$ cat structure26.txt   # compact mmCIF, C-alpha atoms and all ligand atoms
# COMPACT_ATOMS: atom_id res chain seq x y z
CA MET A 1 21.51 -31.22 -32.79
CA LEU A 2 21.45 -27.55 -31.82
CA TYR A 3 19.38 -25.44 -29.46
CA VAL A 4 18.44 -21.77 -29.74
CA GLU A 5 17.05 -19.77 -26.82
CA ILE A 6 14.80 -17.09 -28.28
CA LEU A 7 13.60 -13.81 -26.75
CA GLY A 8 10.24 -13.85 -25.00
CA ASN A 9 8.73 -10.58 -26.23
CA LEU A 10 7.87 -11.63 -29.83
CA PRO A 11 8.31 -15.41 -29.81
CA SER A 12 6.58 -16.14 -33.12
CA LEU A 13 8.81 -13.63 -34.92
CA ALA A 14 11.86 -14.99 -33.13
CA GLU A 15 11.06 -18.60 -34.05
CA SER A 16 10.52 -17.66 -37.69
CA GLU A 17 13.84 -15.84 -37.72
CA VAL A 18 15.60 -19.01 -36.58
CA LYS A 19 13.77 -21.07 -39.23
CA ALA A 20 14.75 -18.60 -41.96
CA LEU A 21 18.44 -18.70 -41.03
CA LEU A 22 18.49 -22.50 -40.77
CA GLU A 23 16.89 -22.65 -44.21
CA LEU A 24 19.59 -20.31 -45.56
CA ALA A 25 22.29 -22.57 -44.12
CA ASP A 26 20.81 -25.80 -45.49
CA ASN A 27 17.35 -26.72 -46.72
CA ASN A 28 17.36 -29.84 -44.55
CA PHE A 29 17.94 -27.91 -41.31
CA LYS A 30 14.67 -27.60 -39.40
CA VAL A 31 13.28 -26.50 -36.07
CA LEU A 32 12.18 -29.81 -34.56
CA GLY A 33 10.40 -28.58 -31.47
CA ARG A 34 9.86 -25.82 -28.98
CA ASP A 35 9.75 -25.98 -25.19
CA TYR A 36 8.70 -22.47 -24.12
CA LEU A 37 11.61 -20.32 -25.39
CA LEU A 38 13.93 -23.18 -26.28
CA LEU A 39 14.00 -24.33 -29.89
CA THR A 40 15.62 -27.59 -30.90
CA SER A 41 17.00 -28.25 -34.36
CA ASN A 42 18.60 -31.01 -36.39
CA ALA A 43 21.21 -28.50 -37.66
CA ASP A 44 24.96 -28.86 -37.12
CA GLU A 45 27.98 -26.55 -37.04
CA ARG A 46 27.42 -25.49 -40.65
CA ALA A 47 24.56 -23.35 -39.30
CA TYR A 48 26.77 -21.33 -36.90
CA SER A 49 27.78 -18.58 -39.33
CA PHE A 50 24.09 -18.02 -40.12
CA LEU A 51 22.85 -18.21 -36.54
CA ASN A 52 25.46 -15.57 -35.64
CA ARG A 53 23.19 -13.14 -37.52
CA LEU A 54 20.26 -13.66 -35.11
CA GLY A 55 18.54 -10.62 -33.64
CA MET A 56 15.80 -12.13 -31.46
CA ALA A 57 17.79 -14.71 -29.55
CA HIS A 58 19.70 -14.94 -26.27
CA GLU A 59 22.04 -17.73 -27.32
CA TYR A 60 22.53 -20.96 -29.24
CA GLY A 61 24.58 -24.07 -28.70
CA VAL A 62 24.96 -27.80 -29.18
CA LEU A 63 22.16 -29.86 -27.69
CA LEU A 64 23.53 -32.95 -25.92
CA PHE A 65 20.46 -34.68 -24.52
CA GLU A 66 17.02 -34.27 -22.96
CA ALA A 67 15.60 -35.87 -19.84
CA LYS A 68 12.18 -36.34 -18.31
CA SER A 69 13.37 -36.41 -14.71
CA LEU A 70 16.31 -35.20 -12.64
CA GLU A 71 17.36 -38.83 -12.05
CA GLU A 72 17.41 -39.51 -15.79
CA LEU A 73 19.44 -36.33 -16.35
CA TYR A 74 22.07 -37.29 -13.76
CA GLU A 75 22.28 -40.90 -14.98
CA THR A 76 22.76 -39.79 -18.59
CA ALA A 77 25.34 -37.20 -17.52
CA LYS A 78 27.38 -39.88 -15.74
CA ASP A 79 27.66 -41.87 -19.00
CA ILE A 80 29.03 -38.93 -20.97
CA GLU A 81 32.77 -38.44 -21.54
CA TRP A 82 32.75 -34.75 -20.62
CA ARG A 83 36.46 -34.35 -21.38
CA ASN A 84 35.65 -34.74 -25.08
CA LEU A 85 33.06 -31.96 -24.97
CA VAL A 86 34.25 -29.44 -22.41
CA LYS A 87 37.26 -27.11 -22.39
CA GLU A 88 38.40 -26.43 -18.82
CA PRO A 89 37.46 -24.62 -16.74
CA PHE A 90 33.73 -25.12 -17.06
CA ALA A 91 30.55 -23.90 -15.36
CA VAL A 92 27.00 -25.21 -15.34
CA ASP A 93 24.34 -22.55 -15.88
CA ASN A 94 20.66 -23.35 -15.51
CA GLU A 95 17.75 -21.44 -17.03
CA THR A 96 14.49 -22.03 -15.21
CA MET A 97 11.86 -21.16 -17.80
CA LEU A 98 8.34 -20.08 -16.83
CA ASN A 99 6.94 -23.53 -17.64
CA CYS A 100 9.61 -25.42 -15.65
CA LYS A 101 8.10 -28.62 -14.18
CA TYR A 102 11.01 -29.76 -12.00
CA GLU A 103 12.68 -28.81 -8.76
CA VAL A 104 15.97 -27.51 -10.15
CA ARG A 105 17.44 -25.52 -7.26
CA GLU A 106 20.37 -27.94 -6.90
CA ILE A 107 20.81 -28.82 -10.56
CA GLU A 108 23.88 -26.64 -11.28
CA ARG A 109 25.71 -28.00 -8.24
CA GLU A 110 24.71 -31.64 -8.86
CA LEU A 111 25.51 -31.71 -12.58
CA GLY A 112 28.69 -29.70 -11.93
CA ALA A 113 29.79 -32.32 -9.41
CA ILE A 114 29.30 -35.15 -11.93
CA ILE A 115 31.49 -33.38 -14.48
CA TYR A 116 34.02 -32.32 -11.84
CA HIS A 117 34.37 -35.93 -10.71
CA GLN A 118 35.58 -36.79 -14.21
CA GLY A 119 38.57 -34.54 -13.41
CA LEU A 120 37.52 -31.24 -15.00
CA LYS A 121 38.16 -27.89 -13.33
CA VAL A 122 35.34 -25.51 -12.45
CA ASN A 123 35.35 -21.73 -12.74
CA LEU A 124 32.03 -20.00 -12.28
CA LYS A 125 33.23 -16.49 -13.17
CA THR A 126 35.28 -17.02 -16.34
CA PRO A 127 34.57 -20.51 -17.66
CA LYS A 128 35.81 -21.58 -21.10
CA THR A 129 32.78 -23.82 -21.52
CA VAL A 130 29.27 -23.24 -20.24
CA VAL A 131 27.21 -26.38 -19.84
CA ARG A 132 23.69 -25.07 -20.25
CA VAL A 133 20.61 -26.59 -18.68
CA TYR A 134 17.06 -25.53 -19.53
CA CYS A 135 14.12 -26.50 -17.41
CA GLY A 136 10.76 -26.44 -19.17
CA ASN A 137 8.35 -29.27 -19.93
CA LYS A 138 11.49 -31.36 -20.15
CA LEU A 139 15.07 -30.90 -19.03
CA TRP A 140 17.58 -30.05 -21.75
CA VAL A 141 21.38 -30.14 -21.55
CA GLY A 142 23.71 -28.51 -24.04
CA ILE A 143 26.95 -26.66 -24.54
CA ARG A 144 26.73 -22.93 -25.21
CA LYS A 145 28.38 -21.83 -28.46
CA HIS A 146 27.40 -18.20 -28.64
CA ARG A 147 25.63 -15.72 -26.38
CA PHE A 148 24.33 -12.49 -27.94
CA SER A 149 25.37 -9.47 -25.94
CA PRO A 150 22.39 -7.17 -25.26
CA LYS A 151 24.88 -4.29 -24.96
CA GLU A 152 25.87 -4.59 -28.62
CA PHE A 153 22.25 -4.11 -29.68
CA GLU A 154 21.77 -1.27 -27.20
CA LYS A 155 24.73 0.60 -28.73
CA ARG A 156 22.92 0.74 -32.04
CA LYS A 157 19.56 1.97 -30.74
CA ALA A 158 18.32 5.17 -32.41
CA HIS A 159 19.43 7.60 -29.69
CA HIS A 160 23.05 6.37 -29.84
CA ARG A 161 23.39 7.06 -33.56
CA PRO A 162 25.08 10.31 -34.67
CA PHE A 163 22.06 11.14 -36.89
CA PHE A 164 19.14 10.67 -34.54
CA LYS A 165 15.49 10.19 -35.56
CA PRO A 166 13.14 8.72 -32.98
CA ILE A 167 11.07 6.75 -35.53
CA SER A 168 13.19 3.66 -35.78
CA LEU A 169 12.78 -0.03 -35.08
CA HIS A 170 14.74 -1.70 -32.32
CA PRO A 171 17.99 -3.10 -33.82
CA ARG A 172 16.98 -6.64 -32.81
CA ILE A 173 13.73 -6.35 -34.78
CA SER A 174 15.49 -4.75 -37.76
CA ARG A 175 17.89 -7.66 -37.79
CA ALA A 176 15.09 -10.22 -37.60
CA LEU A 177 13.34 -8.59 -40.55
CA VAL A 178 16.52 -8.78 -42.65
CA ASN A 179 16.83 -12.45 -41.74
CA LEU A 180 13.18 -13.17 -42.50
CA ALA A 181 13.81 -11.79 -45.99
CA ARG A 182 16.46 -14.54 -46.41
CA ALA A 183 18.98 -11.96 -47.63
CA LYS A 184 22.20 -13.60 -48.74
CA ASN A 185 23.96 -10.83 -50.63
CA GLU A 186 21.98 -7.61 -50.55
CA VAL A 187 19.04 -5.70 -49.12
CA LEU A 188 17.00 -2.72 -50.27
CA ASP A 189 15.15 -0.48 -47.81
CA PRO A 190 12.98 1.91 -49.86
CA PHE A 191 11.86 3.94 -46.77
CA MET A 192 15.20 3.85 -45.03
CA GLY A 193 14.84 6.90 -42.73
CA SER A 194 17.96 7.13 -40.61
CA GLY A 195 19.09 3.70 -41.80
CA GLY A 196 18.33 1.44 -38.83
CA ILE A 197 17.54 -1.62 -40.95
CA LEU A 198 20.53 -1.02 -43.22
CA ILE A 199 22.94 -0.75 -40.30
CA GLU A 200 21.98 -4.27 -39.19
CA ALA A 201 22.08 -5.65 -42.73
CA GLY A 202 25.46 -4.02 -43.37
CA LEU A 203 26.92 -5.48 -40.18
CA MET A 204 25.86 -8.93 -41.41
CA GLY A 205 28.07 -8.35 -44.44
CA LEU A 206 25.29 -7.62 -46.92
CA LYS A 207 25.47 -4.90 -49.55
CA VAL A 208 22.84 -2.32 -48.62
CA TYR A 209 20.69 -0.16 -50.88
CA GLY A 210 18.55 2.62 -49.42
CA VAL A 211 16.01 5.13 -50.66
CA ASP A 212 14.31 8.02 -48.90
CA ILE A 213 12.26 10.88 -50.27
CA ARG A 214 14.08 13.36 -48.00
CA ARG A 215 17.63 14.38 -48.81
CA ASP A 216 18.41 15.09 -45.13
CA MET A 217 17.50 11.45 -44.33
CA VAL A 218 19.76 10.12 -47.06
CA GLU A 219 22.64 12.23 -45.77
CA GLY A 220 21.88 11.23 -42.18
CA ALA A 221 21.65 7.52 -43.01
CA LYS A 222 25.07 7.75 -44.67
CA ILE A 223 26.56 9.29 -41.51
CA ASN A 224 25.01 6.48 -39.44
CA LEU A 225 26.25 3.68 -41.70
CA GLU A 226 29.77 5.11 -41.67
CA HIS A 227 29.63 5.44 -37.89
CA TYR A 228 29.01 1.69 -37.50
CA GLY A 229 31.62 0.77 -40.09
CA VAL A 230 29.26 -0.19 -42.92
CA LYS A 231 31.01 0.66 -46.18
CA ASP A 232 29.21 -1.20 -48.93
CA TYR A 233 26.17 1.01 -49.48
CA ASP A 234 24.28 2.74 -52.27
CA LEU A 235 21.87 5.38 -50.95
CA ARG A 236 19.62 7.46 -53.17
CA VAL A 237 17.07 10.24 -52.84
CA GLY A 238 13.91 8.88 -54.43
CA ASP A 239 10.32 7.81 -54.14
CA ALA A 240 9.49 4.35 -52.80
CA THR A 241 6.46 4.31 -55.08
CA LYS A 242 8.69 4.71 -58.16
CA LEU A 243 11.56 2.32 -57.50
CA LYS A 244 11.93 1.37 -61.15
CA GLU A 245 12.89 5.01 -61.80
CA VAL A 246 15.39 5.00 -58.94
CA PHE A 247 16.96 1.67 -59.99
CA PRO A 248 16.18 1.23 -63.71
CA ASP A 249 18.43 -1.78 -64.27
CA LYS A 250 18.35 -3.63 -60.98
CA THR A 251 16.35 -6.47 -59.43
CA PHE A 252 16.79 -7.14 -55.69
CA GLU A 253 16.86 -10.46 -53.87
CA ALA A 254 15.45 -8.98 -50.64
CA VAL A 255 13.52 -5.88 -49.60
CA VAL A 256 13.12 -5.01 -45.92
CA THR A 257 11.29 -1.91 -44.81
CA ASP A 258 9.30 -0.01 -42.23
CA PRO A 259 7.12 2.55 -44.03
CA PRO A 260 5.91 5.69 -42.21
CA TYR A 261 2.89 5.12 -39.96
CA GLY A 262 1.02 8.31 -40.19
CA THR A 263 2.52 11.58 -39.05
CA SER A 264 2.28 14.13 -41.85
CA ALA A 265 6.03 14.83 -41.72
CA THR A 266 7.02 11.27 -42.53
CA LEU A 267 4.24 10.72 -45.08
CA ALA A 268 5.32 13.66 -47.27
CA GLY A 269 1.67 14.74 -47.63
CA ARG A 270 0.32 11.42 -49.02
CA ARG A 271 -2.64 9.41 -47.81
CA LYS A 272 -1.34 6.46 -45.87
CA ASP A 273 -3.13 3.55 -47.51
CA GLU A 274 -2.52 4.93 -50.97
CA LEU A 275 1.18 5.24 -50.20
CA TYR A 276 1.31 1.63 -48.92
CA ILE A 277 -0.44 0.22 -52.00
CA LYS A 278 1.74 2.15 -54.42
CA ALA A 279 4.86 1.17 -52.49
CA LEU A 280 3.90 -2.54 -52.56
CA GLU A 281 3.32 -2.33 -56.33
CA SER A 282 6.62 -0.57 -56.82
CA ILE A 283 8.54 -3.07 -54.62
CA TYR A 284 6.99 -5.94 -56.58
CA GLU A 285 8.49 -4.51 -59.78
CA VAL A 286 12.08 -4.52 -58.50
CA LEU A 287 12.01 -7.65 -56.30
CA ASP A 288 12.75 -11.26 -57.14
CA GLY A 289 12.70 -12.84 -53.68
CA TYR A 290 11.41 -12.01 -50.21
CA LEU A 291 9.91 -8.87 -48.66
CA SER A 292 9.71 -8.21 -44.90
CA ILE A 293 7.58 -5.20 -44.13
CA ALA A 294 5.80 -3.61 -41.18
CA PHE A 295 2.32 -2.11 -41.49
CA PRO A 296 -0.06 -0.69 -38.90
CA LYS A 297 -2.90 -3.06 -38.00
CA SER A 298 -5.43 -0.73 -39.64
CA PHE A 299 -4.04 -1.55 -43.10
CA ASP A 300 -5.16 -4.91 -44.46
CA ALA A 301 -2.00 -5.70 -46.39
CA GLU A 302 -2.75 -9.35 -47.08
CA LYS A 303 -5.49 -8.94 -49.69
CA ILE A 304 -3.76 -6.08 -51.44
CA ALA A 305 -0.39 -7.81 -51.56
CA GLU A 306 -1.92 -11.02 -52.93
CA ARG A 307 -3.74 -9.02 -55.59
CA ILE A 308 -0.44 -7.46 -56.68
CA GLY A 309 1.12 -10.92 -56.99
CA PHE A 310 2.88 -11.47 -53.66
CA LYS A 311 2.47 -14.68 -51.71
CA VAL A 312 1.98 -13.71 -48.05
CA LEU A 313 3.85 -16.30 -45.99
CA GLU A 314 3.68 -15.01 -42.43
CA LYS A 315 2.41 -12.20 -40.26
CA HIS A 316 3.48 -11.39 -36.71
CA TYR A 317 1.56 -9.07 -34.42
CA GLN A 318 3.13 -6.46 -32.15
CA ARG A 319 1.47 -3.97 -29.86
CA VAL A 320 3.96 -1.11 -29.66
CA HIS A 321 1.85 1.16 -27.45
CA GLY A 322 -1.78 2.16 -26.94
CA SER A 323 -2.10 3.90 -30.29
CA LEU A 324 0.19 1.72 -32.40
CA GLU A 325 -0.42 -1.93 -33.19
CA ARG A 326 1.34 -3.40 -36.19
CA TYR A 327 2.06 -6.55 -38.14
CA PHE A 328 5.36 -7.70 -39.58
CA TYR A 329 4.70 -9.49 -42.88
CA VAL A 330 6.91 -11.84 -44.81
CA MET A 331 6.01 -12.09 -48.50
CA LYS A 332 7.49 -13.63 -51.59
CA THR A 333 7.22 -12.59 -55.24
C1 LIG B 1 9.36 5.09 -40.34
S1 LIG B 1 10.66 5.93 -41.21
C2 LIG B 1 11.75 4.59 -41.46
C3 LIG B 1 12.59 4.30 -40.25
C4 LIG B 1 13.71 3.34 -40.56
N1 LIG B 1 13.22 1.98 -40.75
C5 LIG B 1 14.76 3.34 -39.47
O1 LIG B 1 14.89 2.33 -38.77
O2 LIG B 1 15.42 4.37 -39.27
C6 LIG B 1 9.95 6.25 -42.78
C7 LIG B 1 10.78 7.07 -43.76
O3 LIG B 1 10.10 7.04 -45.02
C8 LIG B 1 10.34 8.26 -45.72
N2 LIG B 1 9.33 8.40 -46.78
C9 LIG B 1 8.06 8.85 -46.70
N3 LIG B 1 7.46 8.77 -47.91
C10 LIG B 1 8.37 8.24 -48.76
C11 LIG B 1 8.34 7.90 -50.14
N4 LIG B 1 7.26 8.06 -50.88
N5 LIG B 1 9.46 7.37 -50.68
C12 LIG B 1 10.58 7.18 -49.94
N6 LIG B 1 10.67 7.50 -48.64
C13 LIG B 1 9.57 8.03 -48.06
C14 LIG B 1 10.33 9.31 -44.64
O4 LIG B 1 11.09 10.44 -45.05
C15 LIG B 1 10.96 8.56 -43.44
O5 LIG B 1 12.33 8.84 -43.36
$ encode --input "structure26.txt" --output "structure tokens"
Amino acid sequence: MLYVEILGNLPSLAESEVKALLELADNNFKVLGRDYLLLTSNADERAYSFLNRLGMAHEYGVLLFEAKSLEELYETAKDIEWRNLVKEPFAVDNETMLNCKYEVREIERELGAIIYHQGLKVNLKTPKTVVRVYCGNKLWVGIRKHRFSPKEFEKRKAHHRPFFKPISLHPRISRALVNLARAKNEVLDPFMGSGGILIEAGLMGLKVYGVDIRRDMVEGAKINLEHYGVKDYDLRVGDATKLKEVFPDKTFEAVVTDPPYGTSATLAGRRKDELYIKALESIYEVLDGYLSIAFPKSFDAEKIAERIGFKVLEKHYQRVHGSLERYFYVMKT
């Protein structure tokens, strides 16, 4: 059993990202339940290399047990051979979630004492093992395997890139979109801009293909990919509504993209809805797999995509600011 603690800002997107990665690891791996921001899964260590790709998560680990009261938690903890699970020194770290039903002020100290009494050393500053407790509707106890450093994502935000364009998704969201497209080997972004999505995909070890109608963007995206150490790329100047012309002999397993939302500069003089429809048709021609794509709320992508032949699997809402609300769609050919 594993747990994943997801981010709270777009929980439905975050949960779907976890499901997609578990599915990539093994079709039998599922999310079994959710207690506020804690997901539980039947997956095992074979999922680690996939979960390491997560964008919208704080951490994941091995789930040891759940309890419905503090007494039950302490009793269960006493029966566990902690020496087999914990590398010394250890620390207990509790997360009190917004829906926490229990009085957990003393839980770190109390559980720490139980483990300590089995002869294991404590170090709160630099532990080798973190025993993680989550308080929600239930109490959950696990061992942290990996914590995602917010700093790493911050370093890749648009204004830290050598070629800077403000219109770019947050790296965590870009990453989630790549994962939702179940990319195993490669990704195409036909509106790549400065390459934000491709940076994340490249860092996951995928081969990245990018298209933009503006040569300066293609050159800028190349500078950005190189800056973050992504080497396996194929970037082309071209039109996202004519992908068959840009890649005459290629079919892609995953397309992930964030088309322009409306300023005349990024739309290259086209009407927005017309551009979206043509782009969806063009993507459909070169894709044999999943598409993750963002559209402003004003565009009803579902009907149009289904008419083209896509199966729309999911949509996730995000309010970016007063004048921009959008949906992230996951579709399949
Ligand atoms: C919203 S930006 C993409 C941002 C990108 N996801 C990132 O994170 O940096 C949209 C890009 O689409 C490009 N574009 C506009 N019309 C296009 C078309 N018909 N074909 C290809 N690219 C186009 C624009 O030049 C712009 O760079």
$ residues_around --input "structure26.txt" --residues "Glu17 in chain A" --least-positions-apart "5" --cutoff "8 Å" --atoms "only C-alpha atoms" --output "PDB file with C-alpha atoms, keeping the file's coordinate frame"
ATOM      1  CA  LEU A  54      20.260 -13.660 -35.110  1.00  0.00           C
ATOM      2  CA  MET A  56      15.800 -12.130 -31.460  1.00  0.00           C
ATOM      3  CA  ALA A 176      15.090 -10.220 -37.600  1.00  0.00           C
ATOM      4  CA  LEU A 177      13.340  -8.590 -40.550  1.00  0.00           C
ATOM      5  CA  ASN A 179      16.830 -12.450 -41.740  1.00  0.00           C
ATOM      6  CA  LEU A 180      13.180 -13.170 -42.500  1.00  0.00           C
TER       7      LEU A 180
END
$ residues_near_ligand --input "structure26.txt" --ligand "ligand LIG 1 (chain B)" --cutoff "9 Å" --atoms "all atoms listed in the file" --output "PDB file with C-alpha atoms, in the frame of the given file"
ATOM      1  CA  ALA A 158      18.320   5.170 -32.410  1.00  0.00           C
ATOM      2  CA  PHE A 164      19.140  10.670 -34.540  1.00  0.00           C
ATOM      3  CA  LYS A 165      15.490  10.190 -35.560  1.00  0.00           C
ATOM      4  CA  PRO A 166      13.140   8.720 -32.980  1.00  0.00           C
ATOM      5  CA  ILE A 167      11.070   6.750 -35.530  1.00  0.00           C
ATOM      6  CA  SER A 168      13.190   3.660 -35.780  1.00  0.00           C
ATOM      7  CA  LEU A 169      12.780  -0.030 -35.080  1.00  0.00           C
ATOM      8  CA  HIS A 170      14.740  -1.700 -32.320  1.00  0.00           C
ATOM      9  CA  PRO A 171      17.990  -3.100 -33.820  1.00  0.00           C
ATOM     10  CA  SER A 174      15.490  -4.750 -37.760  1.00  0.00           C
ATOM     11  CA  ASP A 189      15.150  -0.480 -47.810  1.00  0.00           C
ATOM     12  CA  PRO A 190      12.980   1.910 -49.860  1.00  0.00           C
ATOM     13  CA  PHE A 191      11.860   3.940 -46.770  1.00  0.00           C
ATOM     14  CA  MET A 192      15.200   3.850 -45.030  1.00  0.00           C
ATOM     15  CA  GLY A 193      14.840   6.900 -42.730  1.00  0.00           C
ATOM     16  CA  SER A 194      17.960   7.130 -40.610  1.00  0.00           C
ATOM     17  CA  GLY A 195      19.090   3.700 -41.800  1.00  0.00           C
ATOM     18  CA  GLY A 196      18.330   1.440 -38.830  1.00  0.00           C
ATOM     19  CA  ILE A 197      17.540  -1.620 -40.950  1.00  0.00           C
ATOM     20  CA  LEU A 198      20.530  -1.020 -43.220  1.00  0.00           C
ATOM     21  CA  ILE A 199      22.940  -0.750 -40.300  1.00  0.00           C
ATOM     22  CA  VAL A 211      16.010   5.130 -50.660  1.00  0.00           C
ATOM     23  CA  ASP A 212      14.310   8.020 -48.900  1.00  0.00           C
ATOM     24  CA  ILE A 213      12.260  10.880 -50.270  1.00  0.00           C
ATOM     25  CA  ARG A 214      14.080  13.360 -48.000  1.00  0.00           C
ATOM     26  CA  ARG A 215      17.630  14.380 -48.810  1.00  0.00           C
ATOM     27  CA  ASP A 216      18.410  15.090 -45.130  1.00  0.00           C
ATOM     28  CA  MET A 217      17.500  11.450 -44.330  1.00  0.00           C
ATOM     29  CA  VAL A 218      19.760  10.120 -47.060  1.00  0.00           C
ATOM     30  CA  ALA A 221      21.650   7.520 -43.010  1.00  0.00           C
ATOM     31  CA  VAL A 237      17.070  10.240 -52.840  1.00  0.00           C
ATOM     32  CA  GLY A 238      13.910   8.880 -54.430  1.00  0.00           C
ATOM     33  CA  ASP A 239      10.320   7.810 -54.140  1.00  0.00           C
ATOM     34  CA  ALA A 240       9.490   4.350 -52.800  1.00  0.00           C
ATOM     35  CA  THR A 241       6.460   4.310 -55.080  1.00  0.00           C
ATOM     36  CA  LYS A 242       8.690   4.710 -58.160  1.00  0.00           C
ATOM     37  CA  LEU A 243      11.560   2.320 -57.500  1.00  0.00           C
ATOM     38  CA  VAL A 256      13.120  -5.010 -45.920  1.00  0.00           C
ATOM     39  CA  THR A 257      11.290  -1.910 -44.810  1.00  0.00           C
ATOM     40  CA  ASP A 258       9.300  -0.010 -42.230  1.00  0.00           C
ATOM     41  CA  PRO A 259       7.120   2.550 -44.030  1.00  0.00           C
ATOM     42  CA  PRO A 260       5.910   5.690 -42.210  1.00  0.00           C
ATOM     43  CA  TYR A 261       2.890   5.120 -39.960  1.00  0.00           C
ATOM     44  CA  GLY A 262       1.020   8.310 -40.190  1.00  0.00           C
ATOM     45  CA  ALA A 265       6.030  14.830 -41.720  1.00  0.00           C
ATOM     46  CA  THR A 266       7.020  11.270 -42.530  1.00  0.00           C
ATOM     47  CA  LEU A 267       4.240  10.720 -45.080  1.00  0.00           C
ATOM     48  CA  ALA A 268       5.320  13.660 -47.270  1.00  0.00           C
ATOM     49  CA  GLY A 269       1.670  14.740 -47.630  1.00  0.00           C
ATOM     50  CA  ARG A 270       0.320  11.420 -49.020  1.00  0.00           C
ATOM     51  CA  LEU A 275       1.180   5.240 -50.200  1.00  0.00           C
ATOM     52  CA  TYR A 276       1.310   1.630 -48.920  1.00  0.00           C
ATOM     53  CA  LYS A 278       1.740   2.150 -54.420  1.00  0.00           C
ATOM     54  CA  ALA A 279       4.860   1.170 -52.490  1.00  0.00           C
TER      55      ALA A 279
END
$ residues_around --input "structure26.txt" --residues "Ser12 in chain A" --least-positions-apart "2" --cutoff "12 Å" --atoms "all atoms listed in the file" --output "JSON, numbers by chain"
{"A": [6, 7, 8, 9, 10, 14, 15, 16, 17, 18, 19, 34, 36, 37, 39, 56, 57, 176, 180, 314, 315, 316, 317, 318, 327, 328, 329]}
$ atom_distance --input "structure26.txt" --atom1 "CA of Leu21 in chain A" --atom2 "CA of Asp44 in chain A"
12.7 Å
$ residues_around --input "structure26.txt" --residues "Leu22 in chain A" --least-positions-apart "2" --cutoff "10 Å" --atoms "only C-alpha atoms" --output "list in words"
Ser16, Glu17, Val18, Lys19, Ala20, Leu24, Ala25, Asp26, Asn27, Asn28, Phe29, Lys30, Val31, Ser41, Asn42, Ala43, Asp44, Arg46, Ala47, Tyr48, Phe50, Leu51 and Arg182 of chain A
$ closest_residue --input "structure26.txt" --among "A:Gly289, A:Pro150, A:Gly33, A:Pro89" --to "Ala181 in chain A" --atoms "only C-alpha atoms"
A:Gly289
$ atom_distance --input "structure26.txt" --atom1 "CA of Glu75 in chain A" --atom2 "CA of Glu110 in chain A"
11.4 Å
$ atom_distance --input "structure26.txt" --atom1 "CA of Trp140 in chain A" --atom2 "CA of Lys101 in chain A"
12.2 Å
$ residues_near_point --input "structure26.txt" --point "(34.5, -27.2, -23.0)" --cutoff "12 Å" --atoms "only C-alpha atoms" --output "number ranges by chain"
A: 61-62, 81-92, 115, 120-123, 127-132, 142-145
$ closest_residue --input "structure26.txt" --among "A:Ile304, A:Leu188, A:Met204, A:Ala67" --to "Arg175 in chain A" --atoms "all atoms listed in the file"
A:Met204
$ residues_around --input "structure26.txt" --residues "Gly229 in chain A" --least-positions-apart "2" --cutoff "12 Å" --atoms "only C-alpha atoms" --output "ChimeraX atom specification"
/A:156,198-205,222-227,231-233
$ residues_around --input "structure26.txt" --residues "range 137-139 of chain A" --least-positions-apart "3" --cutoff "10 Å" --atoms "all atoms listed in the file" --output "NGL selection string"
:A and (34-36 or 65-70 or 72-73 or 96-102 or 104 or 133-134)
$ closest_residue --input "structure26.txt" --among "A:Asp300, A:Ile107, A:Glu306, A:Arg161" --to "Glu71 in chain A" --atoms "all atoms listed in the file"
A:Ile107
$ decode --input "structure26.txt" --residues "range 159-189 of chain A" --atoms "C-alpha atoms" --output "CSV table (one decimal), in the first residue's frame"
chain,number,residue,atom,x,y,z
A,159,HIS,CA,10.9,34.2,-15.2
A,160,HIS,CA,13.9,32.0,-14.3
A,161,ARG,CA,14.3,30.8,-17.9
A,162,PRO,CA,16.9,32.4,-20.1
A,163,PHE,CA,14.3,33.0,-22.8
A,164,PHE,CA,11.4,34.6,-20.9
A,165,LYS,CA,7.8,34.8,-22.0
A,166,PRO,CA,5.2,35.5,-19.4
A,167,ILE,CA,2.5,33.3,-21.0
A,168,SER,CA,3.5,30.0,-19.6
A,169,LEU,CA,1.9,27.4,-17.3
A,170,HIS,CA,3.3,26.7,-13.9
A,171,PRO,CA,5.9,23.9,-14.1
A,172,ARG,CA,3.8,21.7,-11.8
A,173,ILE,CA,0.7,22.0,-14.0
A,174,SER,CA,2.8,21.4,-17.2
A,175,ARG,CA,4.1,18.3,-15.6
A,176,ALA,CA,0.7,17.1,-14.6
A,177,LEU,CA,-0.6,17.6,-18.2
A,178,VAL,CA,2.3,15.5,-19.5
A,179,ASN,CA,1.4,12.7,-17.0
A,180,LEU,CA,-2.3,12.9,-17.8
A,181,ALA,CA,-1.3,12.2,-21.4
A,182,ARG,CA,0.2,8.9,-20.2
A,183,ALA,CA,3.4,9.7,-22.2
A,184,LYS,CA,5.9,6.9,-22.0
A,185,ASN,CA,8.4,7.7,-24.7
A,186,GLU,CA,7.6,11.0,-26.3
A,187,VAL,CA,5.5,14.2,-26.3
A,188,LEU,CA,4.5,16.7,-28.9
A,189,ASP,CA,3.6,20.3,-28.0
